[in-house]
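Notes follow the structure.
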Amino acid sequence: MARPVIALLTDFGTRDHYAGAMRGVALGICPEATLVDITHDVAPQDVLGGALELAAAFKYFPAGTVFLVVVDPGVGSARHGIAADAGGYKFVAPDNGVLTCVFKEAPPRRVVELTERRYARPTVSRTFEGRDRFAPAAAWLAKGVDLTALGRPLTTWQMLDVREPVVGDDRVMGEVLRVDRFGNLVTNIDRRTFERFAGQAAIEIAAAGHPVATLVATYAEAEAGTVCALFGSGDQLEIAVPGGSAAERLQLARGARVTISRRT
Amino acid sequence: MARPVIALLTDFGTRDHYAGAMRGVALGICPEATLVDITHDVAPQDVLGGALELAAAFKYFPAGTVFLVVVDPGVGSARHGIAADAGGYKFVAPDNGVLTCVFKEAPPRRVVELTERRYARPTVSRTFEGRDRFAPAAAWLAKGVDLTALGRPLTTWQMLDVREPVVGDDRVMGEVLRVDRFGNLVTNIDRRTFERFAGQAAIEIAAAGHPVATLVATYAEAEAGTVCALFGSGDQLEIAVPGGSAAERLQLARGARVTISRRT
Amino acid sequence: MARPVIALLTDFGTRDHYAGAMRGVALGICPEATLVDITHDVAPQDVLGGALELAAAFKYFPAGTVFLVVVDPGVGSARHGIAADAGGYKFVAPDNGVLTCVFKEAPPRRVVELTERRYARPTVSRTFEGRDRFAPAAAWLAKGVDLTALGRPLTTWQMLDVREPVVGDDRVMGEVLRVDRFGNLVTNIDRRTFERFAGQAAIEIAAAGHPVATLVATYAEAEAGTVCALFGSGDQLEIAVPGGSAAERLQLARGARVTISRRT
């Protein structure tokens, strides 16, 4: 039988022992698990950032993977901890919207609140539920415990208001959602929205007013150092500078306006 | 039988191949091991920093875990390499005090010097004993070799002088030991010391002279942006700014004085 | 039977989900694999940097390890993807020279172009071949698929022009290739070249004109804070400042000239 996979995504960084302590707890419960990292470098307490990275990654994991997701500014408060079954995967996270983008793509079949004490550590720190509540829950799921055993069913949960592009008659107004390591500005405009709008017409793209020279199929098609647009690995429109950083060149970050208009 | 766990903690960073080379060596000797990282981002050559992160993490790992700990400013010198058996775990490290905080919590049952050449790589680099001596020793322990086979028994080893809080009649003087990714200032004042001092009295907390507004049970209880105190995940008093960074706000780092006094 | 090992080296960083998505894809194909990281923090698109880190690490992994190497400024272009069999290991990478330093040490027995579609994901993104082409190829190799099944044999491939030291009658002129986390400046002058030149003579070392005070066997032999030279873990001459950073002290980076001359 294949070994269960637990995939971790947090904002704990890699400098402290926090992710390590979670790994230790998970292995204590489910020693046969394969633990893999998506990232621990979500910006501190950036729930939307975590939601976007998770949504971009989860579908590349094998069916049955348990995602242990901890970006948790409300740790220790009354916000729930939840476990969910969606898209053939399982998710354990605080109920703060960090699963929003996953749930939009893969509506959850079941969501439960993590109320069952025996699937948490005996003492649950009010500042580190990742270690004491979420990691154990994920490990028990990986071990085969049924989702419904973890707690009472929920019918509502938090969803973030993730901005969708606004499609008008003569332009699409979108915005930058993620800036990646290479300085690529990944927008909320997906390929389908773009193509439906553009049709056969020539279009112009602007990022916060800066004209974008060309739309290419891959970085290597644009001249090094020029600002170009292309559809990235998640089929979202992104603004890039091949061999450089669009974020630095244009001094833009999340929220920057990106518009597409028909050339006149 | 459960697969053996080797947990790594170093100051090698993640930019170079150094941690990777250690992982390769360990897997060559013990291919069935699960390798997990605690952190590789201890500040370069910060033995105390490594000691504190290790102590905060080790007890969350399954019994029998082998900890491979390399923060080693004295690499290649006459300082010993050691292996120890403590608290139901095994540790491999340079003998420079990096196990101090573990040994205070879990006094070692046995400590040996890594003298047995056949449990090291055939050639031991004088600048990278992590790869050539410590990783092999940890992997052989994971494989089931007895600690005493690794070398001659030791009865003394290096211990760091980790500052304890000073409890006076009218105040407790502690200090900041760790600053974490979130900018939390983790002190050496544990909950028990605090409660014994405070009793039922109202108290005041100051960090390097800055008054700390409130003592809360978790971050979410304090107003965002205010300086508060709370007991963190290791039950040490920490100074925090919910939604921000106490380290940046107060411009404090390790060694900063934190005092608790009775309100007059 | 030992579990197959897939070792990852990329310039994807750890902030985004990119390395995570590759891990997910690999585990979906070869769930029994042990995934280990060499590094993901090669400077963005620094093919030479990736080549050097890989060469420094690969020989410490168990025979049969599959290396998944993605530093790929030409992603989506006409450059080939390749798989190679060299030194008892397997390598999957873009054909851009990132395997140069491995191939110098371990000339490849076979190299193939990754043309066989069934060993890639059904849709291959033109901006993320790491996920869609290289990770699947590595996982299939780990699963036991023969290298030759992955595509057509190649007889030529890209090699970088990695500078060798120039040995003259009265001096050796080398240069800095890598700067590590500790600020050590690792040069292209290996121990053998050095010893052949120096013989029994007293020598002088200079880094970009700065005299280097001493040649030592390990960091701990030099006075803290002084600039010294020594042979590092890969037997290359490096310039170091024990307890400090030679890169910061001397303000040097890759390409800086290092000369050895006989003392007159």
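Residues in the structure tokens are numbered from 1 in each chain, the chains being A, B, ... in the order shown, and ligands are numbered from 1 in the order shown.
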
Quick one: contact table of chain A to chain B, 6 Å max, nearest atom pair and distance in Å to one decimal per residue, counting only C-alpha atoms, chain and number order, as JSON lines?
```
{"residue": "A:Thr14", "atom": "CA", "partner": "B:Thr39", "partner_atom": "CA", "distance": 5.9}
{"residue": "A:Arg15", "atom": "CA", "partner": "B:Asp41", "partner_atom": "CA", "distance": 4.7}
{"residue": "A:His17", "atom": "CA", "partner": "B:Ile38", "partner_atom": "CA", "distance": 5.4}
{"residue": "A:Gly20", "atom": "CA", "partner": "B:Ile38", "partner_atom": "CA", "distance": 4.1}
{"residue": "A:Ala21", "atom": "CA", "partner": "B:Ala57", "partner_atom": "CA", "distance": 5.1}
{"residue": "A:Gly24", "atom": "CA", "partner": "B:Phe61", "partner_atom": "CA", "distance": 4.0}
{"residue": "A:Val25", "atom": "CA", "partner": "B:Tyr60", "partner_atom": "CA", "distance": 5.4}
{"residue": "A:Gly28", "atom": "CA", "partner": "B:Pro62", "partner_atom": "CA", "distance": 4.5}
{"residue": "A:Gly74", "atom": "CA", "partner": "B:Ala220", "partner_atom": "CA", "distance": 5.6}
{"residue": "A:Gly76", "atom": "CA", "partner": "B:Thr218", "partner_atom": "CA", "distance": 5.6}
{"residue": "A:Ser77", "atom": "CA", "partner": "B:Ala220", "partner_atom": "CA", "distance": 5.8}
{"residue": "A:Ser125", "atom": "CA", "partner": "B:Ser233", "partner_atom": "CA", "distance": 5.8}
{"residue": "A:Arg126", "atom": "CA", "partner": "B:Thr218", "partner_atom": "CA", "distance": 5.7}
{"residue": "A:Thr127", "atom": "CA", "partner": "B:Ser233", "partner_atom": "CA", "distance": 5.7}
{"residue": "A:Phe128", "atom": "CA", "partner": "B:Ser233", "partner_atom": "CA", "distance": 5.6}
```

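Among the residues of region 152-249 of chain C, backbone DSSP assigns alpha helix (DSSP H) to Arg191, Arg192, Thr193, Phe194, Glu195, Arg196, Phe197, Ala198, Ala246, Ala247, Glu248 and Arg249 of chain C.
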
Any chance you could export the current selection's all heavy atoms as an mmCIF file, in the first residue's frame?
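Result file follows (part-v4.cif):
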```cif
data_model
loop_
_atom_site.group_PDB
_atom_site.id
_atom_site.type_symbol
_atom_site.label_atom_id
_atom_site.label_comp_id
_atom_site.auth_asym_id
_atom_site.auth_seq_id
_atom_site.Cartn_x
_atom_site.Cartn_y
_atom_site.Cartn_z
ATOM 1 N N ARG C 191 43.442 21.587 -4.553
ATOM 2 C CA ARG C 191 44.610 21.308 -3.732
ATOM 3 C C ARG C 191 45.777 20.793 -4.583
ATOM 4 O O ARG C 191 46.935 21.184 -4.382
ATOM 5 C CB ARG C 191 44.265 20.276 -2.657
ATOM 6 C CG ARG C 191 45.337 20.101 -1.606
ATOM 7 C CD ARG C 191 45.097 18.872 -0.737
ATOM 8 N NE ARG C 191 43.912 18.977 0.115
ATOM 9 C CZ ARG C 191 43.960 19.391 1.387
ATOM 10 N NH1 ARG C 191 45.098 19.764 1.927
ATOM 11 N NH2 ARG C 191 42.856 19.436 2.100
ATOM 12 N N ARG C 192 45.476 19.946 -5.545
ATOM 13 C CA ARG C 192 46.552 19.357 -6.337
ATOM 14 C C ARG C 192 47.289 20.429 -7.154
ATOM 15 O O ARG C 192 48.517 20.459 -7.185
ATOM 16 C CB ARG C 192 45.987 18.282 -7.267
ATOM 17 C CG ARG C 192 47.070 17.443 -7.905
ATOM 18 C CD ARG C 192 46.508 16.346 -8.774
ATOM 19 N NE ARG C 192 45.520 15.537 -8.032
ATOM 20 C CZ ARG C 192 44.931 14.457 -8.527
ATOM 21 N NH1 ARG C 192 45.224 14.054 -9.775
ATOM 22 N NH2 ARG C 192 44.065 13.776 -7.816
ATOM 23 N N THR C 193 46.527 21.305 -7.791
ATOM 24 C CA THR C 193 47.136 22.400 -8.567
ATOM 25 C C THR C 193 48.008 23.254 -7.649
ATOM 26 O O THR C 193 49.126 23.634 -8.003
ATOM 27 C CB THR C 193 46.029 23.273 -9.194
ATOM 28 O OG1 THR C 193 45.244 22.449 -10.056
ATOM 29 C CG2 THR C 193 46.609 24.438 -9.977
ATOM 30 N N PHE C 194 47.483 23.523 -6.494
ATOM 31 C CA PHE C 194 48.207 24.344 -5.526
ATOM 32 C C PHE C 194 49.522 23.685 -5.132
ATOM 33 O O PHE C 194 50.592 24.302 -5.149
ATOM 34 C CB PHE C 194 47.340 24.567 -4.292
ATOM 35 C CG PHE C 194 48.018 25.353 -3.213
ATOM 36 C CD1 PHE C 194 47.928 26.740 -3.195
ATOM 37 C CD2 PHE C 194 48.759 24.726 -2.225
ATOM 38 C CE1 PHE C 194 48.557 27.482 -2.195
ATOM 39 C CE2 PHE C 194 49.393 25.455 -1.230
ATOM 40 C CZ PHE C 194 49.295 26.834 -1.221
ATOM 41 N N GLU C 195 49.443 22.415 -4.765
ATOM 42 C CA GLU C 195 50.639 21.741 -4.234
ATOM 43 C C GLU C 195 51.689 21.555 -5.313
ATOM 44 O O GLU C 195 52.886 21.656 -5.042
ATOM 45 C CB GLU C 195 50.244 20.405 -3.594
ATOM 46 C CG GLU C 195 49.459 20.657 -2.310
ATOM 47 C CD GLU C 195 49.017 19.395 -1.581
ATOM 48 O OE1 GLU C 195 49.081 18.303 -2.194
ATOM 49 O OE2 GLU C 195 48.587 19.515 -0.417
ATOM 50 N N ARG C 196 51.237 21.287 -6.541
ATOM 51 C CA ARG C 196 52.177 21.129 -7.633
ATOM 52 C C ARG C 196 52.933 22.441 -7.866
ATOM 53 O O ARG C 196 54.128 22.453 -8.125
ATOM 54 C CB ARG C 196 51.414 20.735 -8.893
ATOM 55 C CG ARG C 196 52.238 19.913 -9.844
ATOM 56 C CD ARG C 196 51.403 19.464 -11.030
ATOM 57 N NE ARG C 196 50.393 18.463 -10.664
ATOM 58 C CZ ARG C 196 49.316 18.172 -11.396
ATOM 59 N NH1 ARG C 196 49.080 18.843 -12.518
ATOM 60 N NH2 ARG C 196 48.489 17.238 -11.016
ATOM 61 N N PHE C 197 52.230 23.544 -7.756
ATOM 62 C CA PHE C 197 52.855 24.848 -7.971
ATOM 63 C C PHE C 197 53.765 25.222 -6.799
ATOM 64 O O PHE C 197 54.908 25.640 -6.982
ATOM 65 C CB PHE C 197 51.799 25.931 -8.150
ATOM 66 C CG PHE C 197 52.365 27.321 -8.179
ATOM 67 C CD1 PHE C 197 52.955 27.829 -9.338
ATOM 68 C CD2 PHE C 197 52.344 28.124 -7.044
ATOM 69 C CE1 PHE C 197 53.507 29.103 -9.362
ATOM 70 C CE2 PHE C 197 52.889 29.398 -7.067
ATOM 71 C CZ PHE C 197 53.478 29.890 -8.215
ATOM 72 N N ALA C 198 53.267 25.078 -5.604
ATOM 73 C CA ALA C 198 53.982 25.587 -4.432
ATOM 74 C C ALA C 198 55.194 24.724 -4.090
ATOM 75 O O ALA C 198 56.244 25.237 -3.713
ATOM 76 C CB ALA C 198 53.027 25.637 -3.235
ATOM 77 N N ALA C 246 34.297 36.517 4.849
ATOM 78 C CA ALA C 246 35.324 37.045 3.946
ATOM 79 C C ALA C 246 34.682 37.867 2.831
ATOM 80 O O ALA C 246 35.234 38.878 2.389
ATOM 81 C CB ALA C 246 36.148 35.896 3.363
ATOM 82 N N ALA C 247 33.511 37.441 2.384
ATOM 83 C CA ALA C 247 32.837 38.169 1.299
ATOM 84 C C ALA C 247 32.522 39.600 1.721
ATOM 85 O O ALA C 247 32.716 40.548 0.966
ATOM 86 C CB ALA C 247 31.561 37.442 0.894
ATOM 87 N N GLU C 248 32.047 39.741 2.956
ATOM 88 C CA GLU C 248 31.722 41.087 3.433
ATOM 89 C C GLU C 248 32.989 41.884 3.735
ATOM 90 O O GLU C 248 33.087 43.055 3.397
ATOM 91 C CB GLU C 248 30.889 41.007 4.705
ATOM 92 C CG GLU C 248 29.421 40.814 4.412
ATOM 93 C CD GLU C 248 28.600 40.797 5.690
ATOM 94 O OE1 GLU C 248 29.065 41.322 6.731
ATOM 95 O OE2 GLU C 248 27.496 40.228 5.654
ATOM 96 N N ARG C 249 33.932 41.257 4.381
ATOM 97 C CA ARG C 249 35.151 41.962 4.753
ATOM 98 C C ARG C 249 35.869 42.513 3.527
ATOM 99 O O ARG C 249 36.284 43.660 3.494
ATOM 100 C CB ARG C 249 36.082 41.026 5.518
ATOM 101 C CG ARG C 249 37.494 41.569 5.715
ATOM 102 C CD ARG C 249 37.532 42.660 6.758
ATOM 103 N NE ARG C 249 37.322 42.024 8.036
ATOM 104 C CZ ARG C 249 38.282 41.385 8.714
ATOM 105 N NH1 ARG C 249 39.513 41.397 8.257
ATOM 106 N NH2 ARG C 249 38.023 40.782 9.837
#
```

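CA of Glu175 (chain A) to CA of Pro211 (chain A) spans 14.6 Å [interatomic distance, one decimal].
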
Leaving out Leu185 (chain C) and any residue of its chain fewer than 3 positions from it, which residues lie within 6 Å of it when counting only C-alpha atoms, given as a compact mmCIF listing (two decimals) with C-alpha atoms, in the first residue's frame?
```txt
# COMPACT_ATOMS: atom_id res chain seq x y z
CA VAL C 176 36.20 32.89 -6.84
CA VAL C 179 30.34 32.43 -1.99
CA GLU C 238 38.89 29.15 -0.11
CA ILE C 239 39.36 32.52 1.48
```
